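Containing compact mmCIF, C-alpha atoms: entry.txt.
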```
# COMPACT_ATOMS: atom_id res chain seq x y z
CA MET J 1 55.81 334.80 132.99
CA SER J 2 57.21 331.65 134.61
CA LYS J 3 56.08 329.46 131.70
CA GLU J 4 57.57 331.83 129.12
CA LEU J 5 60.84 331.88 131.03
CA MET J 6 60.97 328.10 131.23
CA ASP J 7 60.26 327.82 127.49
CA ALA J 8 63.07 330.30 126.77
CA LEU J 9 65.50 328.31 128.95
CA ASP J 10 64.54 325.06 127.24
CA LEU J 11 65.17 326.65 123.84
CA LEU J 12 68.57 328.00 124.86
CA GLU J 13 69.58 324.63 126.25
CA LYS J 14 68.55 322.87 123.04
CA GLU J 15 69.86 325.31 120.43
CA LYS J 16 73.01 326.61 122.09
CA ASN J 17 73.88 323.59 124.23
CA ILE J 18 73.87 325.69 127.40
CA SER J 19 72.97 323.85 130.61
CA LYS J 20 69.82 325.06 132.32
CA ASP J 21 71.58 325.06 135.71
CA SER J 22 74.09 327.65 134.53
CA LEU J 23 71.22 329.80 133.23
CA PHE J 24 69.47 329.62 136.60
CA ASP J 25 72.73 330.69 138.24
CA ALA J 26 72.89 333.63 135.83
CA ILE J 27 69.34 334.68 136.72
CA GLU J 28 70.13 334.50 140.44
CA ASN J 29 73.23 336.65 139.97
CA SER J 30 71.32 339.14 137.83
CA LEU J 31 68.64 339.54 140.51
CA ILE J 32 71.29 340.10 143.17
CA THR J 33 72.92 342.68 140.90
CA ALA J 34 69.55 344.37 140.39
CA CYS J 35 69.02 344.52 144.16
CA LYS J 36 72.41 346.09 144.63
CA ASN J 37 71.70 348.71 141.96
CA ASN J 38 68.26 349.41 143.38
CA PHE J 39 69.01 349.39 147.13
CA GLY J 40 72.71 350.22 147.11
CA LYS J 41 73.92 346.94 148.65
CA ALA J 42 73.42 343.23 148.20
CA ASP J 43 75.46 341.55 150.96
CA ASN J 44 72.31 340.44 152.78
CA ILE J 45 70.29 339.62 149.64
CA ARG J 46 69.20 336.04 148.94
CA VAL J 47 67.45 334.76 145.81
CA GLU J 48 65.45 331.54 145.60
CA ILE J 49 64.38 330.07 142.24
CA ASN J 50 62.12 327.09 141.83
CA ARG J 51 63.87 325.22 139.01
CA GLU J 52 60.75 323.25 138.21
CA ASN J 53 58.43 326.15 137.39
CA CYS J 54 60.80 329.17 137.35
CA ASP J 55 59.06 330.97 140.22
CA PHE J 56 61.55 333.16 142.05
CA LYS J 57 61.65 335.23 145.23
CA CYS J 58 64.10 337.77 146.59
CA TYR J 59 64.78 338.20 150.30
CA ALA J 60 66.78 340.66 152.38
CA GLU J 61 68.07 339.25 155.65
CA LYS J 62 67.49 341.91 158.34
CA GLU J 63 68.14 342.17 162.06
CA VAL J 64 65.10 342.79 164.30
CA VAL J 65 65.33 345.92 166.48
CA GLU J 66 62.91 347.21 169.17
CA THR J 67 61.19 350.17 167.49
CA GLU J 68 61.04 352.05 164.21
CA GLU J 69 63.28 354.77 165.74
CA ASP J 70 66.01 352.15 166.32
CA VAL J 71 66.23 351.32 162.61
CA MET J 72 69.50 352.93 161.44
CA ASP J 73 69.68 351.22 158.01
CA PRO J 74 66.38 350.02 156.47
CA MET J 75 68.25 347.52 154.28
CA LEU J 76 69.85 345.85 157.28
CA GLU J 77 67.36 346.34 160.11
CA ILE J 78 63.61 346.04 160.72
CA SER J 79 61.39 346.99 163.64
CA LEU J 80 59.87 344.29 165.84
CA ASP J 81 56.32 345.22 164.82
CA ASP J 82 57.11 344.89 161.10
CA ALA J 83 59.05 341.67 161.68
CA LYS J 84 56.08 340.09 163.46
CA LYS J 85 54.01 340.58 160.30
CA ILE J 86 56.37 338.14 158.67
CA LYS J 87 56.98 335.80 161.60
CA LYS J 88 54.89 336.14 164.75
CA SER J 89 57.36 334.41 167.07
CA ILE J 90 60.31 336.63 166.12
CA LYS J 91 62.28 338.39 168.88
CA VAL J 92 64.60 341.40 169.06
CA GLY J 93 68.13 340.54 167.86
CA ALA J 94 66.99 337.70 165.60
CA MET J 95 67.40 337.65 161.81
CA VAL J 96 64.41 337.55 159.51
CA ASP J 97 64.06 337.17 155.70
CA VAL J 98 62.07 340.11 154.35
CA PRO J 99 60.56 339.57 150.87
CA LEU J 100 61.55 342.11 148.20
CA ASN J 101 59.31 343.08 145.32
CA SER J 102 61.42 342.78 142.16
CA LYS J 103 58.72 344.63 140.19
CA GLU J 104 59.71 347.79 142.01
CA PHE J 105 63.24 347.69 140.62
CA GLY J 106 64.11 350.76 138.56
CA ARG J 107 64.80 350.78 134.85
CA ILE J 108 68.58 350.95 135.30
CA ALA J 109 68.58 348.06 137.77
CA THR J 110 66.45 345.99 135.40
CA GLN J 111 68.71 346.78 132.44
CA ASN J 112 71.81 345.81 134.41
CA ALA J 113 70.15 342.53 135.40
CA LYS J 114 69.37 341.85 131.75
CA ASN J 115 73.00 342.55 130.79
CA VAL J 116 74.25 340.10 133.42
CA ILE J 117 72.01 337.37 131.99
CA LEU J 118 73.05 338.09 128.39
CA GLN J 119 76.74 338.14 129.34
CA LYS J 120 76.36 334.77 131.07
CA ILE J 121 74.61 333.33 128.02
CA ARG J 122 77.42 334.52 125.76
CA GLU J 123 80.07 333.06 128.07
CA GLU J 124 78.27 329.73 128.33
CA GLU J 125 77.76 329.60 124.57
CA ARG J 126 81.46 330.24 123.93
CA GLY J 127 82.35 327.61 126.52
CA ALA J 128 79.99 325.06 124.96
CA ILE J 129 81.39 325.68 121.46
CA TYR J 130 84.96 325.48 122.75
CA ASN J 131 84.28 322.15 124.50
CA GLU J 132 82.53 320.76 121.41
CA TYR J 133 85.45 321.46 119.08
CA PHE J 134 88.17 320.81 121.66
CA GLU J 135 86.91 317.21 121.69
CA LYS J 136 87.48 317.15 117.91
CA GLU J 137 91.07 318.37 118.15
CA HIS J 138 93.35 316.08 116.08
CA ASP J 139 90.32 314.73 114.22
CA ILE J 140 88.66 315.65 110.94
CA VAL J 141 85.48 317.68 110.47
CA THR J 142 83.48 318.77 107.45
CA GLY J 143 83.19 322.47 106.76
CA VAL J 144 82.06 324.95 104.11
CA VAL J 145 84.41 327.48 102.55
CA GLN J 146 83.06 330.91 103.50
CA ARG J 147 85.43 333.65 102.44
CA PHE J 148 89.06 334.59 101.98
CA ILE J 149 90.84 336.63 104.64
CA GLY J 150 93.95 337.73 102.81
CA LYS J 151 95.62 334.46 101.85
CA ASN J 152 93.85 332.55 104.60
CA VAL J 153 90.48 330.84 104.22
CA SER J 154 87.56 331.00 106.65
CA ILE J 155 85.82 327.63 107.00
CA ASN J 156 82.38 327.41 108.60
CA LEU J 157 82.12 324.26 110.75
CA GLY J 158 78.52 324.78 111.83
CA ARG J 159 78.60 326.50 115.22
CA ALA J 160 81.99 328.11 114.72
CA ASP J 161 84.36 329.35 112.03
CA ALA J 162 87.84 327.92 111.55
CA ILE J 163 90.91 329.41 109.89
CA LEU J 164 92.81 327.54 107.19
CA ASN J 165 96.16 329.34 107.11
CA GLU J 166 98.13 329.68 103.90
CA ASN J 167 100.85 327.25 105.05
CA GLU J 168 98.18 324.62 105.82
CA GLN J 169 96.66 324.82 102.32
CA VAL J 170 97.53 322.41 99.53
CA LYS J 171 99.15 324.43 96.77
CA THR J 172 97.40 322.49 94.01
CA GLU J 173 93.93 322.94 95.51
CA HIS J 174 91.67 325.87 94.67
CA TYR J 175 89.02 326.66 97.26
CA ARG J 176 85.68 328.14 96.26
CA PRO J 177 82.99 329.76 98.43
CA THR J 178 80.24 327.25 99.44
CA GLN J 179 82.60 324.34 98.66
CA ARG J 180 82.35 321.50 101.20
CA ILE J 181 85.71 320.12 102.33
CA ARG J 182 87.09 317.98 105.12
CA VAL J 183 89.79 319.50 107.29
CA TYR J 184 92.02 318.29 110.11
CA VAL J 185 91.62 320.19 113.39
CA LEU J 186 95.11 321.25 114.44
CA GLU J 187 94.35 323.31 117.52
CA VAL J 188 91.46 324.84 119.43
CA LYS J 189 92.19 327.89 121.60
CA ASN J 190 89.76 329.61 123.95
CA GLY J 191 89.81 333.35 123.29
CA SER J 192 87.87 336.31 124.68
CA LYS J 193 85.76 336.47 121.50
CA GLY J 194 85.15 332.75 121.33
CA PRO J 195 87.18 329.69 120.33
CA ARG J 196 89.90 330.10 117.70
CA ILE J 197 90.07 326.96 115.59
CA LEU J 198 93.03 326.23 113.32
CA VAL J 199 92.61 323.55 110.64
CA SER J 200 94.80 321.93 107.99
CA ARG J 201 94.56 320.25 104.60
CA THR J 202 98.24 319.27 104.50
CA HIS J 203 98.67 317.32 107.74
CA PRO J 204 99.48 313.59 107.28
CA ASP J 205 96.88 312.66 109.91
CA LEU J 206 94.17 314.01 107.60
CA VAL J 207 94.82 311.00 105.35
CA LYS J 208 95.06 308.73 108.39
CA ARG J 209 91.66 309.85 109.72
CA LEU J 210 90.08 309.47 106.27
CA PHE J 211 91.24 305.85 106.13
CA GLU J 212 89.92 305.28 109.65
CA GLN J 213 86.50 306.54 108.56
CA GLU J 214 86.34 304.62 105.28
CA VAL J 215 87.88 301.27 106.28
CA ALA J 216 85.78 299.17 108.65
CA GLU J 217 88.73 296.91 109.47
CA ILE J 218 90.65 299.90 110.83
CA GLN J 219 87.65 300.99 112.90
CA ASP J 220 87.35 297.59 114.61
CA GLY J 221 91.11 297.26 115.16
CA THR J 222 91.72 294.38 112.73
CA VAL J 223 94.00 296.58 110.62
CA GLU J 224 96.40 299.15 112.07
CA ILE J 225 98.00 302.16 110.43
CA LYS J 226 101.63 301.90 111.49
CA SER J 227 103.19 304.84 109.67
CA ILE J 228 102.36 307.55 107.18
CA ALA J 229 104.40 309.95 105.06
CA ARG J 230 102.86 312.66 102.94
CA GLU J 231 103.71 315.38 100.47
CA ALA J 232 100.36 317.14 100.33
CA GLY J 233 98.80 317.45 96.90
CA SER J 234 101.23 315.02 95.32
CA ARG J 235 101.71 311.65 97.03
CA THR J 236 101.18 309.78 100.29
CA LYS J 237 102.65 306.49 101.46
CA ILE J 238 100.84 304.65 104.23
CA ALA J 239 102.02 301.43 105.93
CA VAL J 240 99.33 299.12 107.32
CA TYR J 241 99.41 295.90 109.32
CA SER J 242 96.78 293.21 109.90
CA ASN J 243 96.28 291.64 113.32
CA ASN J 244 94.30 288.85 111.66
CA PRO J 245 96.25 286.51 109.35
CA ASN J 246 93.09 285.94 107.33
CA VAL J 247 92.70 289.64 106.54
CA ASP J 248 94.85 291.33 103.91
CA ALA J 249 95.67 294.78 105.31
CA VAL J 250 96.49 296.34 101.94
CA GLY J 251 93.44 294.82 100.27
CA ALA J 252 91.16 296.04 103.05
CA CYS J 253 92.41 299.61 102.64
CA VAL J 254 92.27 299.58 98.85
CA GLY J 255 88.83 297.96 98.68
CA VAL J 256 87.14 296.12 95.83
CA ASN J 257 88.35 297.61 92.55
CA GLY J 258 89.99 300.38 94.60
CA ALA J 259 86.62 301.65 95.85
CA ARG J 260 87.80 302.68 99.32
CA VAL J 261 91.08 304.30 98.41
CA ASN J 262 89.47 306.08 95.45
CA LEU J 263 87.01 307.83 97.79
CA ILE J 264 89.98 309.20 99.72
CA VAL J 265 91.82 310.15 96.53
CA ASP J 266 88.73 312.07 95.39
CA GLU J 267 88.54 313.89 98.73
CA LEU J 268 92.21 314.85 98.33
CA GLU J 269 91.55 316.01 94.76
CA GLY J 270 93.64 313.39 92.99
CA GLU J 271 96.55 312.99 95.39
CA LYS J 272 98.26 309.62 94.74
CA ILE J 273 98.23 307.13 97.62
CA ASP J 274 100.54 304.12 97.98
CA VAL J 275 99.27 301.57 100.51
CA ILE J 276 102.04 299.19 101.58
CA GLU J 277 102.29 296.34 104.05
CA TRP J 278 104.10 296.99 107.31
CA ASP J 279 106.86 294.54 108.24
CA GLU J 280 108.83 294.34 111.49
CA ASN J 281 111.88 293.42 109.43
CA PRO J 282 113.34 296.80 108.39
CA GLY J 283 114.75 295.35 105.17
CA ASN J 284 111.36 294.06 104.06
CA LEU J 285 109.69 297.29 105.17
CA ILE J 286 112.10 299.42 103.14
CA GLN J 287 111.57 297.19 100.13
CA ASN J 288 107.81 297.60 100.46
CA ALA J 289 108.17 301.35 100.99
CA LEU J 290 110.10 301.81 97.74
CA SER J 291 107.30 300.20 95.77
CA PRO J 292 106.57 300.18 92.85
CA ALA J 293 110.33 299.85 92.16
CA LYS J 294 111.85 296.35 92.12
CA ILE J 295 114.59 295.80 94.67
CA VAL J 296 117.63 293.53 94.29
CA ALA J 297 118.90 293.73 97.85
CA VAL J 298 118.55 295.73 101.06
CA PHE J 299 121.04 296.02 103.87
CA ALA J 300 119.52 297.80 106.89
CA ASP J 301 121.41 298.88 109.99
CA PRO J 302 118.87 299.28 112.84
CA ASP J 303 121.46 300.87 115.13
CA GLU J 304 122.41 303.59 112.68
CA LYS J 305 118.89 303.79 111.23
CA SER J 306 120.37 303.65 107.74
CA ALA J 307 119.96 301.31 104.80
CA LYS J 308 121.73 300.57 101.52
CA VAL J 309 119.49 299.51 98.67
CA VAL J 310 120.48 297.99 95.33
CA VAL J 311 118.06 298.13 92.40
CA PRO J 312 118.31 297.02 88.77
CA ASP J 313 119.88 299.66 86.56
CA TYR J 314 116.64 300.34 84.73
CA GLN J 315 114.73 300.75 88.01
CA LEU J 316 116.96 303.42 89.58
CA SER J 317 114.95 306.41 88.41
CA LEU J 318 111.70 304.72 89.47
CA ALA J 319 113.07 303.91 92.93
CA ILE J 320 114.25 307.47 93.45
CA GLY J 321 111.11 308.99 91.93
CA LYS J 322 110.54 312.37 90.37
CA GLU J 323 112.77 314.87 92.17
CA GLY J 324 113.58 312.13 94.69
CA GLN J 325 110.00 311.93 95.97
CA ASN J 326 109.62 308.13 96.13
CA ALA J 327 112.84 307.65 98.09
CA ARG J 328 112.14 310.67 100.28
CA LEU J 329 108.69 309.41 101.29
CA ALA J 330 110.07 305.91 101.88
CA ALA J 331 112.68 307.40 104.22
CA ARG J 332 110.01 309.28 106.18
CA LEU J 333 107.76 306.24 106.31
CA THR J 334 110.42 303.87 107.63
CA GLY J 335 112.52 306.32 109.64
CA TYR J 336 115.69 305.14 107.87
CA LYS J 337 118.25 307.06 105.85
CA ILE J 338 118.17 305.25 102.53
CA ASP J 339 121.08 305.10 100.07
CA ILE J 340 119.89 303.78 96.68
CA LYS J 341 122.33 302.52 94.07
CA SER J 342 121.92 300.74 90.78
CA GLU J 343 123.66 297.39 90.30
CA THR J 344 126.32 299.01 88.16
CA GLN J 345 127.00 301.72 90.72
CA ALA J 346 127.10 299.18 93.54
CA LYS J 347 129.48 296.81 91.73
CA ASP J 348 131.81 299.68 90.93
CA ALA J 349 131.88 300.74 94.57
CA PRO J 350 135.06 299.78 96.47
CA GLY J 351 134.68 296.60 98.52
CA PHE J 352 131.22 295.81 97.15
CA ARG J 353 130.07 292.20 97.35
CA MET J 354 126.51 291.26 96.41
CA GLU J 355 126.45 288.48 99.01
CA ASP J 356 126.79 291.13 101.73
CA TYR J 357 123.42 292.50 100.68
CA LEU J 358 121.63 289.17 100.32
CA ASP J 359 120.62 286.75 103.04
CA ASP J 360 120.64 283.16 101.74
CA GLU J 361 119.50 283.56 98.15
CA ASP J 362 121.75 284.45 95.22
CA TYR J 363 120.66 287.17 92.91
CA ASP J 364 119.97 285.97 89.40
CA GLU J 365 120.49 288.79 86.92
CA GLU J 366 118.20 287.07 84.42
CA ASP J 367 115.26 287.52 86.80
CA TYR J 368 115.01 291.14 85.68
CA GLU J 369 114.24 292.21 82.12
CA GLU J 370 115.03 295.54 80.57
CA GLY J 371 112.09 297.98 80.95
CA GLU J 372 111.13 301.52 80.17
CA TYR J 373 112.98 302.98 83.15
CA GLN J 374 116.63 303.58 82.31
CA ASP J 375 119.56 304.11 84.61
CA GLU J 376 119.83 307.67 85.89
CA GLU J 377 123.27 308.71 87.16
CA SER J 378 123.22 310.67 90.37
CA GLU J 379 126.03 311.96 92.54
CA ASP J 380 124.03 311.48 95.74
CA THR J 381 121.08 309.08 95.91
CA SER J 382 121.03 309.12 99.70
CA VAL J 383 117.75 310.29 101.19
CA GLU J 384 117.20 311.20 104.81
CA GLU J 385 113.96 311.05 106.74
```

Would you put the structure from the file into structure tokens?
Amino acid sequence: MSKELMDALDLLEKEKNISKDSLFDAIENSLITACKNNFGKADNIRVEINRENCDFKCYAEKEVVETEEDVMDPMLEISLDDAKKIKKSIKVGAMVDVPLNSKEFGRIATQNAKNVILQKIREEERGAIYNEYFEKEHDIVTGVVQRFIGKNVSINLGRADAILNENEQVKTEHYRPTQRIRVYVLEVKNGSKGPRILVSRTHPDLVKRLFEQEVAEIQDGTVEIKSIAREAGSRTKIAVYSNNPNVDAVGACVGVNGARVNLIVDELEGEKIDVIEWDENPGNLIQNALSPAKIVAVFADPDEKSAKVVVPDYQLSLAIGKEGQNARLAARLTGYKIDIKSETQAKDAPGFRMEDYLDDEDYDEEDYEEGEYQDEESEDTSVEE
């Protein structure tokens, strides 16, 4: 039996990631419980398990009394004659460990012992799963779409199921059973029925973690992701910075012929991604963030966290973006409130002087040619973070 027990413990440790020590503790507790159910008490019961070969013994610590007639409680006391069969040098008043035969335990006691072991296994398994996924909190994992629970989606992560709530789903994505997807682990809670794992497909850090996995320069610290702004399912802007002057941060993230960024776009089912270069100068950063629009001038106020931006007339609609998306993402990315005006709007504004927006260079109107983007009048082109 000892070999079969050891094999079973080895299997549990391997398959369910439950430590063998905790299983031995469970067996000890179950044997003590069985003794209590069988004999009515267990305060003086001791269990010894050889953790090398799984041999175990149960003892009841009893006080030695003079004769059989002096024994008031057989579970607590033993006569001197019986005690000497165990230890010849024993004396009255001493304590002696009396072996108990676990094979004599009744059916109910045995069943209760089994339940204690099974309960411990379940608790340890839940604890192991919780610890495994708690370490992955705020990271991404790959799962398989299982089923729909109302408007929520159950995602199987391997050893546990996660819930993708409706508000964490991308509206343009359609999930299918057996579909493999990557999700961002928002939170892992330890519940009575096991860990409750909440995941997301809309969180900006999902894109951040995907870049960290795909771009070797980010993994080794050469390139840093400084900021990210996302409207899930539509567009993401990500600002990157290189700690090595010989490494182009944007180029590293985009990859040869867009290979790296295209893998991420495919994972996000076609979501557009703008990779821009981070700059400590807020004016340059805002100009980069409004890409692909051309910028005439930027005046940034670091104290107020606001900026005024002037663009060519034909670039206004491009700078603002469809329904204000480009400007809105740029504001989130930089942390600045951005007020975008066309040259005509800016020149018509009271007290406007182009030199206030430029540093040392004069703006040459001939540098910009008329394009397909026409001026779009707007009462309020100010966008907040």

For this session: Between J:Lys87, J:Lys341, J:Lys322, J:His174, single out the one closest to Val309 (chain J), counting only C-alpha atoms.
Result: J:Lys341

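Closest to Ile32 (chain J) among J:Val92, J:Val116, J:Val265, J:Leu318 is J:Val116, based on all atoms listed in the file.
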
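Near region 292-307 of chain J, within 7 Å and counting all atoms listed in the file, sit Pro282, Gly283, Gln287, Pro312, Gln315, Leu318, Ala319, Tyr336, Lys337, Ile338, Asp339, Tyr357 and Leu358 of chain J; same-chain residues fewer than 5 positions away were not included.
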
For this session: Do a neighbour search on region 244-260 of chain J at 7 Å with all atoms listed in the file, toss out local chain neighbours closer than 6 positions, and write the hits as a ChimeraX atom specification.
Result: /J:214-215,217,222-223,275-277

Mind writing the picked residues with C-alpha atoms as a PDB file, keeping the file's coordinate frame?
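The result, stored in part.pdb:
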```pdb
ATOM      1  CA  GLU J 214      86.340 304.620 105.280  1.00  0.00           C
ATOM      2  CA  VAL J 215      87.880 301.270 106.280  1.00  0.00           C
ATOM      3  CA  GLU J 217      88.730 296.910 109.470  1.00  0.00           C
ATOM      4  CA  THR J 222      91.720 294.380 112.730  1.00  0.00           C
ATOM      5  CA  VAL J 223      94.000 296.580 110.620  1.00  0.00           C
ATOM      6  CA  VAL J 275      99.270 301.570 100.510  1.00  0.00           C
ATOM      7  CA  ILE J 276     102.040 299.190 101.580  1.00  0.00           C
ATOM      8  CA  GLU J 277     102.290 296.340 104.050  1.00  0.00           C
TER       9      GLU J 277
END
```

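Between CA of Gly221 (chain J) and CA of Thr334 (chain J) there is a distance of 21.8 Å.
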
Exercise. Could you state the separation of CA of Ser30 (chain J) and CA of Asn115 (chain J) in Å, given to one decimal place?
Worked result: 8.0 Å

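Atom pair CA of Ala94 (chain J) / CA of Glu66 (chain J) has a distance of 10.9 Å (rounded to one decimal).
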
Seminar exercise, completed: One residue among J:His203, J:Ile155, J:Asp220, J:Val64 is nearest to Ser89 (chain J) when using all atoms listed in the file, and that residue is J:Val64

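Distances here use all atoms listed in the file; by that measure, the residue among J:Glu173, J:Ser291, J:Asn243, J:Thr178 closest to Leu157 (chain J) is J:Thr178.
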
Closest-contact table, region 136-211 of chain J side, partner region 232-237 of chain J, 9 Å, counting all atoms listed in the file, as a Markdown table:
```
| residue | atom | partner | partner_atom | distance |
| --- | --- | --- | --- | --- |
| J:Gln169 | CA | J:Ala232 | CA | 8.8 |
| J:Val170 | CA | J:Gly233 | CA | 5.8 |
| J:Lys171 | CA | J:Gly233 | CA | 7.0 |
| J:Thr172 | CA | J:Gly233 | CA | 6.0 |
| J:Glu173 | CA | J:Gly233 | CA | 7.5 |
| J:Arg201 | CA | J:Ala232 | CA | 7.8 |
| J:Thr202 | CA | J:Ala232 | CA | 5.1 |
| J:His203 | CA | J:Ala232 | CA | 7.6 |
| J:Pro204 | CA | J:Ala232 | CA | 7.9 |
| J:Val207 | CA | J:Thr236 | CA | 8.2 |
```

For this session: For each of J:Ser79, J:Thr33, J:Thr344, J:Gln146, take the minimum atom-to-atom distance to Val47 (chain J), counting only C-alpha atoms, then give the residue where this is smallest.
Result: J:Thr33

For this session: Name all residues at most 7 Å from Glu343 (chain J) (count only C-alpha atoms; drop same-chain ones fewer than 6 positions away) and give them as a PyMOL selection string.
Result: chain J and resi 310-313

For this session: Find, counting only C-alpha atoms, the residue in J:Val183, J:Gln213, J:Ala162, J:Gln111 that gets nearest to Asn37 (chain J).
Result: J:Gln111

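By chain and then residue number, the residues within 9 Å of region 7-21 of chain J are Ser2, Lys3, Glu4, Phe24, Asp25, Ala26, Arg51, Ile121, Glu124, Glu125, Gly127, Ala128, Ile129 and Arg159 of chain J, counting only C-alpha atoms and disregarding those fewer than 3 positions away in sequence.
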
Restrict the selected residues to C-alpha atoms and save them as a PDB file, in the frame of the given file.
```pdb
ATOM      1  CA  SER J   2      57.210 331.650 134.610  1.00  0.00           C
ATOM      2  CA  LYS J   3      56.080 329.460 131.700  1.00  0.00           C
ATOM      3  CA  GLU J   4      57.570 331.830 129.120  1.00  0.00           C
ATOM      4  CA  PHE J  24      69.470 329.620 136.600  1.00  0.00           C
ATOM      5  CA  ASP J  25      72.730 330.690 138.240  1.00  0.00           C
ATOM      6  CA  ALA J  26      72.890 333.630 135.830  1.00  0.00           C
ATOM      7  CA  ARG J  51      63.870 325.220 139.010  1.00  0.00           C
ATOM      8  CA  ILE J 121      74.610 333.330 128.020  1.00  0.00           C
ATOM      9  CA  GLU J 124      78.270 329.730 128.330  1.00  0.00           C
ATOM     10  CA  GLU J 125      77.760 329.600 124.570  1.00  0.00           C
ATOM     11  CA  GLY J 127      82.350 327.610 126.520  1.00  0.00           C
ATOM     12  CA  ALA J 128      79.990 325.060 124.960  1.00  0.00           C
ATOM     13  CA  ILE J 129      81.390 325.680 121.460  1.00  0.00           C
ATOM     14  CA  ARG J 159      78.600 326.500 115.220  1.00  0.00           C
TER      15      ARG J 159
END
```
